[in-house]
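Trainee: Have a look at this one before I ask anything.
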Amino acid sequence: LMQIFATEGRAMFEKLRTAIANRDAALLRETAHTLIGSLGTMGADDAMRMARELEACGQDNQLEAAAKILSKLKNEMDRFQSGLGCAVA
């Protein structure tokens with residue numbers, strides 16, 4: 001389960017980056033929503049809160065704010081996954 005989370009987490013993080021870079025608010029919202037479920041399953045509450053903020057940014061088309069949140073989310077996911085023994089690139 002941890003390895004699946006690491007792999008899927010990387011893919012979702014890249015989709016979030018792409019969504020912000022391409023100013024695709026719908027993709028940001030959808031990907032953040034999916035990530036929320038995965039983070040909740042793993043018990044990553046702080047990262048899940050940040051993903052909810054990203055989802056709201058996508059809903060409200062606030063892509064500049066989303067870029068700042070994504071950076072914080074990356075740090076939190078790295079911290080969480082290092083505790084699990086797997087890393088996100």
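Convention: chains lettered A, B, ... in structure tokens order; per-chain residue numbering from 1; ligands numbered from 1 as shown.
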Would you list the contacts of segment 51-53 of chain A as a count of residues only, taking every protein, DNA or RNA residue within 8 Å and counting only C-alpha atoms, but skipping same-chain residues closer than 2 positions in sequence?
Mentor: 13
Trainee: Name the residues in contact with Ala67 of chain A at a cut-off of 12 Å, using only C-alpha atoms, excluding same-chain residues fewer than 2 positions from it; report them as JSON, numbers by chain.
Mentor: {"A": [13, 16, 17, 18, 19, 20, 21, 22, 23, 25, 28, 50, 51, 53, 54, 57, 58, 61, 62, 63, 64, 65, 69, 70, 71, 72, 73, 74]}
